[in-house]
Structures are given as structure tokens and as C-alpha cells.
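Trainee: Quick one, entry.cif (mmCIF, C-alpha atoms):
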```cif
data_final
loop_
_atom_site.label_atom_id
_atom_site.label_comp_id
_atom_site.auth_asym_id
_atom_site.auth_seq_id
_atom_site.Cartn_x
_atom_site.Cartn_y
_atom_site.Cartn_z
CA MET A 13 78.92 117.69 96.72
CA ALA A 14 77.12 114.41 96.01
CA ARG A 15 79.14 111.80 94.20
CA LYS A 16 78.15 111.09 90.62
CA SER A 17 76.07 107.93 90.41
CA ASN A 18 74.92 105.57 87.65
CA ARG A 19 78.22 105.77 85.76
CA LEU A 20 78.00 102.22 84.44
CA THR A 21 75.68 100.96 81.70
CA VAL A 22 74.32 97.48 81.02
CA VAL A 23 75.82 97.45 77.53
CA GLY A 24 79.19 98.67 78.70
CA LEU A 25 79.67 96.13 81.51
CA ARG A 26 80.99 93.38 79.24
CA LYS A 27 83.47 95.78 77.62
CA LEU A 28 85.06 96.75 80.90
CA PRO A 29 88.56 95.34 81.57
CA ARG A 30 89.52 93.46 84.69
CA GLY A 31 89.62 95.58 87.79
CA LYS A 32 87.39 97.72 89.98
CA HIS A 33 84.85 99.99 88.27
CA ALA A 34 82.78 102.57 90.15
CA ASP A 35 79.09 103.12 89.49
CA GLY A 36 78.80 105.80 92.18
CA ASN A 37 77.55 106.06 95.77
CA GLY A 38 80.02 103.38 96.84
CA LEU A 39 78.87 100.72 94.35
CA TYR A 40 81.64 98.92 92.44
CA LEU A 41 81.86 96.10 89.94
CA LEU A 42 84.98 93.96 90.42
CA LYS A 43 85.68 92.31 87.06
CA THR A 44 87.68 89.10 87.47
CA SER A 45 87.36 88.01 83.83
CA PRO A 46 85.59 89.31 80.70
CA GLU A 47 82.44 87.33 81.59
CA CYS A 48 82.51 87.30 85.39
CA GLY A 49 82.68 89.69 88.29
CA ARG A 50 81.03 90.60 91.54
CA TRP A 51 79.34 93.64 93.02
CA MET A 52 80.67 95.39 96.09
CA LEU A 53 79.32 98.27 98.17
CA ARG A 54 81.86 100.36 100.06
CA TYR A 55 80.53 102.48 102.92
CA ARG A 56 81.49 103.94 106.28
CA GLN A 57 79.54 103.23 109.44
CA PHE A 58 80.31 103.49 113.12
CA GLY A 59 83.68 105.05 112.34
CA ARG A 60 85.06 102.37 110.04
CA ARG A 61 85.03 101.45 106.37
CA ARG A 62 83.17 98.33 105.29
CA ASP A 63 83.01 96.41 102.02
CA MET A 64 79.81 94.48 101.42
CA GLY A 65 79.36 91.95 98.62
CA LEU A 66 76.16 92.28 96.61
CA GLY A 67 76.38 89.14 94.49
CA GLY A 68 78.08 87.95 91.35
CA TRP A 69 77.77 89.48 87.91
CA PRO A 70 76.13 88.74 85.46
CA ALA A 71 73.81 86.68 87.70
CA VAL A 72 73.06 89.93 89.55
CA GLY A 73 72.45 92.63 86.98
CA LEU A 74 73.20 96.34 87.18
CA ALA A 75 69.64 97.30 88.17
CA ASP A 76 69.51 94.68 90.94
CA ALA A 77 72.92 95.74 92.24
CA ARG A 78 71.79 99.38 92.44
CA ARG A 79 68.59 98.33 94.16
CA ASN A 80 70.49 96.24 96.71
CA ALA A 81 72.93 99.11 97.29
CA GLN A 82 70.03 101.51 97.92
CA VAL A 83 68.51 99.12 100.46
CA ALA A 84 71.86 99.00 102.27
CA HIS A 85 72.14 102.82 102.23
CA ASP A 86 68.66 103.08 103.75
CA GLN A 87 69.72 100.72 106.53
CA ILE A 88 72.87 102.72 107.18
CA ARG A 89 70.87 105.95 107.52
CA ASN A 90 68.80 104.17 110.18
CA ASN A 91 71.97 103.07 112.02
CA VAL A 92 71.45 99.46 110.98
CA ASP A 93 74.52 97.46 109.95
CA PRO A 94 73.57 96.01 106.53
CA ILE A 95 76.13 93.20 106.77
CA ALA A 96 74.85 92.11 110.17
CA MET A 97 71.26 92.41 108.91
CA ARG A 98 72.04 90.23 105.90
CA ARG A 99 73.60 87.57 108.10
CA GLU A 100 70.45 87.47 110.20
CA GLN A 101 68.34 87.18 107.06
CA HIS A 102 70.54 84.34 105.84
CA ARG A 103 69.84 82.43 108.98
CA ALA A 104 66.10 82.83 108.37
CA HIS A 105 65.82 81.20 104.94
CA LEU A 106 67.27 78.42 102.79
CA HIS A 107 70.95 79.40 103.06
CA LEU A 108 71.82 78.96 99.41
CA LEU A 109 75.34 77.84 98.62
CA SER A 110 76.03 81.06 96.69
CA GLU A 111 75.15 83.16 99.74
CA ILE A 112 77.15 81.04 102.18
CA ALA A 113 80.10 81.09 99.78
CA MET A 114 80.00 84.89 99.62
CA ASP A 115 79.69 85.11 103.41
CA CYS A 116 82.66 82.78 103.76
CA PHE A 117 84.66 84.95 101.36
CA GLU A 118 83.77 88.09 103.30
CA SER A 119 84.95 86.53 106.55
CA ARG A 120 88.29 85.51 105.04
CA LYS A 121 89.16 88.78 103.31
CA SER A 122 91.46 89.97 106.06
CA GLN A 123 93.60 86.84 105.54
CA LEU A 124 93.90 87.30 101.78
CA ARG A 125 96.40 89.41 99.90
CA ASN A 126 94.92 92.79 99.00
CA GLU A 127 91.76 91.63 100.84
CA GLY A 128 90.94 89.27 97.98
CA ALA A 129 90.48 92.11 95.49
CA ASP A 130 92.19 90.15 92.70
CA GLY A 131 89.47 87.47 92.96
CA ARG A 132 91.83 84.50 92.94
CA TRP A 133 90.42 82.95 96.10
CA PHE A 134 86.80 83.23 95.03
CA SER A 135 87.13 82.61 91.28
CA PRO A 136 87.34 78.75 91.44
CA LEU A 137 83.95 78.78 93.17
CA GLU A 138 82.54 81.57 91.04
CA LEU A 139 83.52 80.01 87.72
CA HIS A 140 83.17 76.27 88.32
CA VAL A 141 80.88 75.57 91.29
CA LEU A 142 78.32 78.32 91.79
CA PRO A 143 76.95 78.37 88.20
CA LYS A 144 75.59 74.84 88.82
CA LEU A 145 75.21 74.60 92.60
CA GLY A 146 74.83 78.23 93.68
CA SER A 147 71.04 78.04 93.98
CA THR A 148 71.17 74.79 95.97
CA PRO A 149 70.64 75.03 99.75
CA VAL A 150 73.98 74.39 101.41
CA THR A 151 72.40 71.75 103.65
CA GLN A 152 71.61 69.70 100.53
CA ILE A 153 75.15 69.66 99.12
CA ARG A 154 76.21 66.02 98.77
CA GLN A 155 79.16 64.24 97.21
CA VAL A 156 77.27 63.14 94.11
CA LEU A 157 76.30 66.74 93.28
CA ILE A 158 79.89 67.80 93.73
CA ARG A 159 81.18 64.97 91.57
CA ASP A 160 78.77 65.74 88.75
CA THR A 161 79.70 69.42 88.90
CA LEU A 162 83.47 68.95 88.81
CA ALA A 163 83.83 65.72 86.80
CA GLN A 164 84.78 67.33 83.48
CA LEU A 165 87.02 69.92 85.13
CA TRP A 166 88.66 67.14 87.16
CA ARG A 167 89.78 65.51 83.90
CA ASP A 168 90.66 68.63 81.91
CA LYS A 169 92.09 70.97 84.55
CA PRO A 170 92.84 68.96 87.70
CA VAL A 171 94.74 71.76 89.45
CA THR A 172 91.81 74.16 89.06
CA ALA A 173 89.38 71.43 90.13
CA GLU A 174 91.46 70.80 93.27
CA LYS A 175 91.24 74.48 94.17
CA ALA A 176 87.48 74.52 93.60
CA LEU A 177 87.05 71.43 95.79
CA GLU A 178 89.24 72.89 98.54
CA ARG A 179 87.32 76.18 98.53
CA LEU A 180 84.00 74.33 98.64
CA GLY A 181 85.21 72.40 101.68
CA LEU A 182 85.97 75.69 103.45
CA VAL A 183 82.50 76.98 102.58
CA LEU A 184 80.92 73.88 104.13
CA LYS A 185 83.00 74.40 107.29
CA HIS A 186 81.83 78.01 107.36
CA ALA A 187 78.22 76.84 107.09
CA ALA A 188 78.77 74.45 109.98
CA ALA A 189 80.20 77.30 112.05
CA LEU A 190 76.99 79.23 111.37
CA GLY A 191 75.07 76.38 112.97
CA LEU A 192 73.81 74.78 109.76
CA GLU A 193 73.58 70.99 109.42
CA VAL A 194 75.91 70.24 106.53
CA ASP A 195 77.92 67.20 105.50
CA LEU A 196 81.50 68.19 106.30
CA GLN A 197 82.79 65.04 104.59
CA ALA A 198 81.03 65.75 101.30
CA THR A 199 84.15 67.04 99.53
CA MET A 200 86.28 64.16 100.82
CA LYS A 201 83.73 61.62 99.57
CA ALA A 202 83.43 63.51 96.25
CA ARG A 203 87.21 63.20 95.85
CA LEU A 204 86.91 59.43 96.20
CA LEU A 205 84.15 59.36 93.58
CA LEU A 206 86.16 61.50 91.18
CA GLY A 207 89.18 59.21 91.43
CA LYS A 208 92.82 60.03 90.93
CA THR A 209 93.84 62.62 88.39
CA ARG A 210 96.51 62.18 85.76
CA ARG A 211 98.24 65.35 86.74
CA THR A 212 101.31 66.31 84.78
CA VAL A 213 103.37 69.03 86.39
CA LYS A 214 104.21 71.69 83.83
CA HIS A 215 106.94 74.08 84.79
CA ILE A 216 106.60 77.71 83.75
CA PRO A 217 108.56 78.21 80.51
CA ALA A 218 111.78 80.08 81.20
CA PRO A 219 114.52 81.45 78.94
CA HIS A 220 118.02 80.07 79.36
CA TRP A 221 120.21 82.47 81.31
CA LYS A 222 122.54 82.76 78.30
CA ASP A 223 119.63 84.22 76.27
CA VAL A 224 118.63 86.84 78.83
CA PRO A 225 121.15 89.56 77.76
CA GLU A 226 119.94 89.38 74.14
CA PHE A 227 116.32 89.72 75.26
CA TYR A 228 117.25 92.62 77.52
CA ASP A 229 119.23 94.39 74.78
CA ALA A 230 116.22 94.20 72.44
CA MET A 231 114.07 96.30 74.78
CA THR A 232 115.31 99.66 73.56
CA GLU A 233 112.19 101.82 73.91
CA PRO A 234 111.41 103.63 77.21
CA THR A 235 107.93 102.13 77.41
CA LEU A 236 106.21 100.92 80.56
CA SER A 237 106.46 97.26 79.47
CA HIS A 238 110.17 97.52 78.64
CA LEU A 239 111.10 99.27 81.87
CA ALA A 240 109.01 96.94 84.04
CA LEU A 241 110.46 93.82 82.43
CA LYS A 242 113.98 95.18 82.78
CA LEU A 243 113.51 95.76 86.51
CA LEU A 244 111.89 92.35 86.90
CA ILE A 245 114.91 90.71 85.23
CA LEU A 246 117.47 92.67 87.24
CA THR A 247 115.83 92.04 90.63
CA GLY A 248 114.45 88.51 90.20
CA ILE A 249 111.28 89.55 91.98
CA ARG A 250 107.79 88.25 91.20
CA SER A 251 105.48 90.28 88.98
CA GLY A 252 103.01 90.91 91.84
CA PRO A 253 105.34 93.03 93.99
CA LEU A 254 106.63 94.68 90.82
CA ARG A 255 103.13 95.71 89.71
CA HIS A 256 102.30 97.00 93.22
CA ALA A 257 105.63 98.80 93.64
CA ARG A 258 105.26 102.35 94.98
CA THR A 259 107.86 105.06 94.71
CA ASP A 260 108.13 105.39 98.50
CA GLN A 261 109.34 101.78 98.76
CA PHE A 262 112.70 102.65 97.15
CA ASP A 263 115.75 104.08 98.91
CA LEU A 264 117.99 104.74 95.93
CA GLU A 265 120.81 106.19 98.01
CA GLN A 266 121.07 102.94 99.97
CA GLY A 267 120.15 100.85 96.94
CA ILE A 268 117.30 99.02 98.68
CA TRP A 269 113.75 98.24 97.64
CA THR A 270 111.61 97.34 100.69
CA ILE A 271 108.56 95.31 99.69
CA PRO A 272 105.68 95.24 102.24
CA ALA A 273 104.65 91.86 103.61
CA ASP A 274 101.09 92.09 102.24
CA VAL A 275 102.26 91.93 98.61
CA MET A 276 104.85 89.20 99.13
CA LYS A 277 103.93 85.59 98.41
CA GLY A 278 103.94 84.14 101.95
CA ARG A 279 107.68 84.10 102.54
CA VAL A 280 108.52 83.99 106.26
CA GLY A 281 105.46 85.41 107.99
CA ALA A 282 102.55 87.78 107.71
CA ASP A 283 104.55 90.63 109.28
CA SER A 284 107.76 90.12 107.29
CA GLU A 285 108.73 92.66 104.67
CA PHE A 286 111.44 91.82 102.14
CA ARG A 287 114.48 93.89 101.21
CA VAL A 288 115.74 93.73 97.64
CA PRO A 289 119.30 94.97 96.99
CA LEU A 290 119.40 97.12 93.86
CA SER A 291 122.24 97.00 91.35
CA ARG A 292 123.45 100.18 89.70
CA GLN A 293 121.53 99.22 86.57
CA ALA A 294 118.31 98.64 88.55
CA VAL A 295 118.65 102.06 90.18
CA GLY A 296 119.01 103.57 86.71
CA ILE A 297 115.81 101.87 85.54
CA ILE A 298 113.89 103.18 88.56
CA GLN A 299 115.19 106.72 88.02
CA GLU A 300 114.23 106.60 84.34
CA THR A 301 110.77 105.27 85.17
CA THR A 302 110.04 107.94 87.79
CA HIS A 303 111.22 110.62 85.36
CA LEU A 304 108.95 109.42 82.54
CA PHE A 305 105.94 108.17 84.55
CA SER A 306 105.72 110.20 87.74
CA ASN A 307 102.00 111.01 87.76
CA THR A 308 101.00 108.45 90.44
CA ASN A 309 102.40 106.76 93.53
CA PHE A 310 102.82 103.50 91.61
CA LEU A 311 106.18 103.05 89.91
CA PHE A 312 104.46 101.33 86.99
CA ALA A 313 100.96 102.75 86.62
CA GLY A 314 98.28 101.89 84.07
CA PRO A 315 96.20 104.41 82.10
CA ARG A 316 93.83 104.94 85.05
CA GLY A 317 96.62 105.58 87.53
CA ASN A 318 96.39 102.20 89.27
CA GLN A 319 98.90 99.36 89.04
CA ILE A 320 99.42 97.74 85.65
CA SER A 321 97.55 94.54 84.86
CA ASP A 322 99.14 91.16 85.50
CA MET A 323 98.67 90.49 81.77
CA THR A 324 100.72 93.49 80.60
CA LEU A 325 104.12 91.81 80.72
CA LEU A 326 102.83 88.41 79.61
CA MET A 327 101.14 89.83 76.52
CA TYR A 328 104.30 91.73 75.59
CA MET A 329 106.30 88.49 75.60
CA LYS A 330 103.60 86.75 73.57
CA ARG A 331 103.74 89.54 71.00
CA ARG A 332 107.46 88.88 70.79
CA GLY A 333 106.59 85.29 69.88
CA LEU A 334 108.13 83.83 73.04
CA ASP A 335 106.90 80.81 74.95
CA ALA A 336 108.62 81.97 78.13
CA ARG A 337 106.70 83.94 80.73
CA PRO A 338 107.87 86.85 82.88
CA HIS A 339 107.99 84.55 85.93
CA GLY A 340 110.47 82.38 84.03
CA PHE A 341 113.22 84.96 84.44
CA ARG A 342 113.35 83.94 88.12
CA THR A 343 114.30 80.47 86.92
CA SER A 344 116.93 81.98 84.61
CA LEU A 345 118.45 83.83 87.55
CA ARG A 346 118.33 80.80 89.86
CA VAL A 347 120.08 78.55 87.32
CA TRP A 348 122.70 81.26 86.69
CA LEU A 349 123.33 81.47 90.44
CA ALA A 350 123.77 77.69 90.59
CA GLU A 351 125.99 77.34 87.52
CA GLN A 352 128.00 80.56 87.51
CA THR A 353 128.52 81.54 91.15
CA GLY A 354 129.54 79.92 94.39
CA ALA A 355 126.52 81.27 96.23
CA PRO A 356 125.44 79.02 99.13
CA HIS A 357 122.00 77.51 98.82
CA GLU A 358 120.49 79.69 101.56
CA VAL A 359 121.72 82.89 99.93
CA ALA A 360 120.60 81.87 96.43
CA GLU A 361 117.16 80.94 97.71
CA THR A 362 116.85 84.23 99.58
CA VAL A 363 117.61 86.08 96.33
CA LEU A 364 114.29 84.72 95.05
CA ALA A 365 112.54 85.32 98.42
CA HIS A 366 112.21 81.57 98.98
CA THR A 367 112.26 80.03 102.44
CA SER A 368 114.85 77.36 103.19
CA GLY A 369 115.44 75.19 106.21
CA SER A 370 113.11 74.26 109.02
CA LYS A 371 111.32 76.72 111.29
CA VAL A 372 113.98 76.12 113.94
CA VAL A 373 116.81 76.85 111.50
CA ARG A 374 115.09 80.03 110.32
CA ALA A 375 114.50 81.13 113.91
CA TYR A 376 118.25 81.13 114.53
CA ARG A 377 119.23 82.42 111.07
CA ARG A 378 118.26 86.00 111.72
CA THR A 379 119.66 87.53 108.55
CA ASP A 380 118.43 88.19 105.04
CA PHE A 381 121.97 88.04 103.56
CA LEU A 382 121.50 91.55 102.19
CA GLU A 383 125.14 92.34 101.44
CA GLN A 384 125.86 88.91 100.01
CA ARG A 385 122.82 89.24 97.78
CA ARG A 386 123.92 92.74 96.77
CA GLN A 387 127.16 91.30 95.36
CA LEU A 388 125.28 88.61 93.46
CA MET A 389 122.68 90.99 92.01
CA GLN A 390 125.41 93.36 90.82
CA GLN A 391 127.20 90.46 89.14
CA TRP A 392 123.92 89.41 87.50
CA ALA A 393 123.23 92.96 86.32
CA ASP A 394 126.78 93.30 84.93
CA TYR A 395 126.19 90.12 82.96
CA VAL A 396 122.72 91.03 81.68
CA VAL A 397 123.62 94.66 80.90
CA PRO A 398 127.25 94.38 79.74
CA THR A 399 129.83 97.10 80.02
CA SER A 400 133.08 97.29 78.09
CA THR A 401 134.79 94.98 80.60
CA SER A 402 132.00 92.63 81.59
CA ARG A 403 130.99 89.27 80.17
CA LEU A 404 134.62 88.48 79.25
CA VAL A 405 134.17 84.87 80.27
CA ALA A 406 130.66 84.23 78.96
CA GLY A 407 128.99 85.41 82.13
CA ARG A 408 131.03 83.36 84.55
CA SER A 409 131.45 85.25 87.82
CA ASP A 410 135.04 85.50 89.12
CA VAL A 411 133.84 86.52 92.58
CA ARG A 412 132.66 83.56 94.62
CA LEU A 413 130.80 83.80 97.88
CA SER A 414 132.22 81.48 100.49
CA SER A 415 129.88 79.04 102.16
CA GLU A 416 131.15 80.54 105.39
CA VAL A 417 128.51 83.29 105.06
CA THR A 418 125.97 80.85 106.40
CA ALA A 419 127.82 80.86 109.70
CA GLU A 420 126.90 84.52 110.14
CA ALA A 421 123.34 83.48 110.84
CA ALA A 422 124.22 81.26 113.77
#
```
Could you write out this file's structure as C-alpha cells?

Mentor:
Amino acid sequence: MARKSNRLTVVGLRKLPRGKHADGNGLYLLKTSPECGRWMLRYRQFGRRRDMGLGGWPAVGLADARRNAQVAHDQIRNNVDPIAMRREQHRAHLHLLSEIAMDCFESRKSQLRNEGADGRWFSPLELHVLPKLGSTPVTQIRQVLIRDTLAQLWRDKPVTAEKALERLGLVLKHAAALGLEVDLQATMKARLLLGKTRRTVKHIPAPHWKDVPEFYDAMTEPTLSHLALKLLILTGIRSGPLRHARTDQFDLEQGIWTIPADVMKGRVGADSEFRVPLSRQAVGIIQETTHLFSNTNFLFAGPRGNQISDMTLLMYMKRRGLDARPHGFRTSLRVWLAEQTGAPHEVAETVLAHTSGSKVVRAYRRTDFLEQRRQLMQQWADYVVPTSTSRLVAGRSDVRLSSEVTAEAA
């Protein structure tokens, strides 16, 4: 049966939330913000699946995207690789910056988390560079053009401007690798023209660890937001792995959550998964969640069956009138570990999936301190979710881990 096509409408595109939206016949719109997105064509050829970018939205409209997708389908039927054909066509004309940037993004997808589907790698270019310079031939990109494009952003949002400049430098290197004559020093010279930024480091707002039990106690309803935040607090994990958590990652009998390497934030290597010891309270949250929301493979699934948005938990805390963010609970846990336990630095850092020590030290320290972390996470859970005998000394842990545990890694 042929797949339904033309599901999207021009009027409805702006109303779509962030995420991937199918038009049919392999054409998708990947919304990265309410006003921006990009088109992608998914197809199979020569025994493998391919994803082909068809340009950014709204610069490329729905009709043009469908037309481009149809051209690609015609090529596929004739055993022509549309991606390879497009690369050849690029070499035959002006090589606009927007096209080289998209080609660079396509070539880097395998290195990006979730193959760049969240748009974070491409968005600094898409939002702040390509609207002004996208139609400029890449061979004509010079430092003055870059300076004029990023000057205001450099003053207002220096961190974002740094990312845009770094991505643009990678695009220019990609163009050079394609054999194009570009100025590889253009971004470095633009940085000199832009001058130094007055960057003020702002730490993510975090609740004090003494306030965490009260916040936890207030989440009394078995809603998706409440359950997800509770598990985030009890495990100290980032919101990304939490949102991508699948039911088959949990071994509740052993009390272990195994997070795949591709959803971890670059901890110890591309092939390194991370084991999270689960407290009794965390196991209870997982069991309650799977009982109430067991219609998909995701532990916390949105209305469409995919993972919940990264804004779900943040918006809940804003509705509560809190300045703190979900990520801030990691700080709460880390400070509690420092002030209320005798956990060695290496163990405390591993609780938060941080790396510590040099590469040589880590090469010899072949342990993830699972059992030591299990003790700490149970102590933390007993403090956050009090029982009749817990929190007798204002959360101070009576059980101290000896620094001798670090010798186990030698």
C-alpha cells in the first residue's frame, strides 16, 4: 500500500511543534524552533537507508521541498544516487555557503548525537549566519562579511556567536576539502576584528540541597512531568538520557540503568555506556511509570509516542515560579555529596558521569565505582524521600565512604 503523502499544509507548518513531521513518501520537516527548520528526505537505495537534506525552512517552502523530493525519487528509480548527484552539481556552480554548510552538516552527522536530529550543531549557522550569508558563494566569504554578520550577536550573546563562528570555520575547511579556493583564516581574522567579548559566566540556577525534599514532596500527582523530575532528582542524570530512556535499559532486579553511549554527553569515549545504580525509591518511580505509561518503548513518552520534549521539565518548573532549572538538581546532588558525605572526589564525579584525572589515570582506573555509588544514591534517596527513620540529622549521612576505594582502581 502506498504511503499517504501531502500530509502537511503551508498554513499548518508554523503551528507545528519542534520535532520531526512527516509529509509522506519519505519527506520530513525537522522543526528546530517555531520559525526555523529544515527539510529531509529519507529513502533506501543500494541496500541502505539514506537521509538527504533538502534545504532550510521557510527559505525552502513546502511546494519546493516536495518538488525536490520528487526529483530525488526519480533519480533513485533510475539507480542514480541523489546525494552523489547533488555533490557533483555543487561542484559545477557557484557553491553557495548555504549549500556547502548543508553538505558539511551531512558529512558530520555520524559524529553527532542522534545524527544531529536535535539541530543543535546546525542551528547557530541556520539562525545567525545563513540568513545573511547563505546566498554568498563560499569562495567570497571574507572576514569583513563575517564581522558584519556577527557583530551584534558578538555583543549580545557571545557564547552563541562563538559557536556560529566555530561552525563557519568548519564549513570553510569542508569547502577546502572539496577543492574550493576559500580563505581558511577568514574566521580567525574576523575574530580579531570583532575584538574581545565581555563574557560573564552564568551558572545554571540550582536549588539548595536542603530545599530538594520539599520540592520533591510537592510533586504528588502521577503525571509524566512529576515522575520524570522525580527520577531525574534521584539519579542525578542529565535530562537528555532521561528523555531518551527506554524500558529495555533498566534491570530492576539488579537495580541498574544502563545508558547507551550515543545519548551520553561525551563522558569517557564514543563506545562507553554508563551504568546508573538505582535506589529503592528510583525503582519504585520506574515501576509506577511503566504501569501508567506503557504504550511505547520510551519510559517517558510524549503524546505522539516519541520522547518528551526538552522543554517539558523546564516549563513545569517555570510554572511553579522557580528560577532553578532541571539541570540544577545535579548541582544540588554534587554539593550534598561534598558537604554531607565522605565520598572521594573520583566517586562523586562519577555519580554525575563526569570524567576526572588524566587519560593515563583513567586508563588504569578501570572501574565505575558502581557499588560505592549505589550506597551514595541510596543515602541521597533516603534524604530526599524520607522514611520514618531518615533525615534525623538534617540529611547528614552517617555512612562515610573511605578514600581507600580509589585504591581499587589501581

Trainee: Under the PyMOL selection byres ((chain A and resi 256-267) around 10), which residues of this model are included? Write them out as a count of residues only.

Mentor: 36

Trainee: Given the choices A:Ile245, A:Leu74, A:Ile112, A:Val150, which gets closest to Val194 (chain A) if the distance is worked out from all atoms listed in the file?

Mentor: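 Selected residue with least distance to Val194 (chain A): A:Val150.
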
Trainee: Quick one: which residues end up in the PyMOL selection byres ((chain A and resi 30) around 7) for this structure, as number ranges by chain?

Mentor: A: 28-29, 31, 43-46

Trainee: So what does the PyMOL selection byres ((chain A and resi 336-341) around 9) actually pick up in this one, as a list in words?

Mentor: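 Residues picked by the PyMOL selection byres ((chain A and resi 336-341) around 9): Ile216, Pro217, Ala218, Pro219, His220, Trp221, Val224, Leu241, Leu244, Ile245, Gly248, Ile249, Arg250, Ser251, Leu325, Leu326, Met329, Lys330, Leu334, Asp335, Arg342, Thr343, Ser344, Leu345 and Arg346 of chain A.
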
Trainee: Please identify all polymer residues lying at most 8 Å from the point (79.7, 101.9, 92.3) (file coordinates), using all atoms listed in the file, and present the result as a PyMOL selection string.

Mentor: chain A and resi 17-19+33-41+52-53

Trainee: Please dump the current selection as a short mmCIF file (atom, residue, chain, number, x, y, z; two decimals), in the frame of the given file; keep C-alpha atoms.

Mentor:
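Okay, selection.cif is ready:
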```cif
data_model
loop_
_atom_site.label_atom_id
_atom_site.label_comp_id
_atom_site.auth_asym_id
_atom_site.auth_seq_id
_atom_site.Cartn_x
_atom_site.Cartn_y
_atom_site.Cartn_z
CA SER A 17 76.07 107.93 90.41
CA ASN A 18 74.92 105.57 87.65
CA ARG A 19 78.22 105.77 85.76
CA HIS A 33 84.85 99.99 88.27
CA ALA A 34 82.78 102.57 90.15
CA ASP A 35 79.09 103.12 89.49
CA GLY A 36 78.80 105.80 92.18
CA ASN A 37 77.55 106.06 95.77
CA GLY A 38 80.02 103.38 96.84
CA LEU A 39 78.87 100.72 94.35
CA TYR A 40 81.64 98.92 92.44
CA LEU A 41 81.86 96.10 89.94
CA MET A 52 80.67 95.39 96.09
CA LEU A 53 79.32 98.27 98.17
#
```

Trainee: Quick one: distance from CA of Arg98 (chain A) to CA of Thr148 (chain A) in Å, one decimal?

Mentor: 18.4 Å

Trainee: If we count only C-alpha atoms, what is near Ala393 (chain A) at a cut-off of 8 Å, once residues fewer than 3 positions away on the same chain are taken out, given as a PyMOL selection string?

Mentor: chain A and resi 246+291-294+389-390+396-398
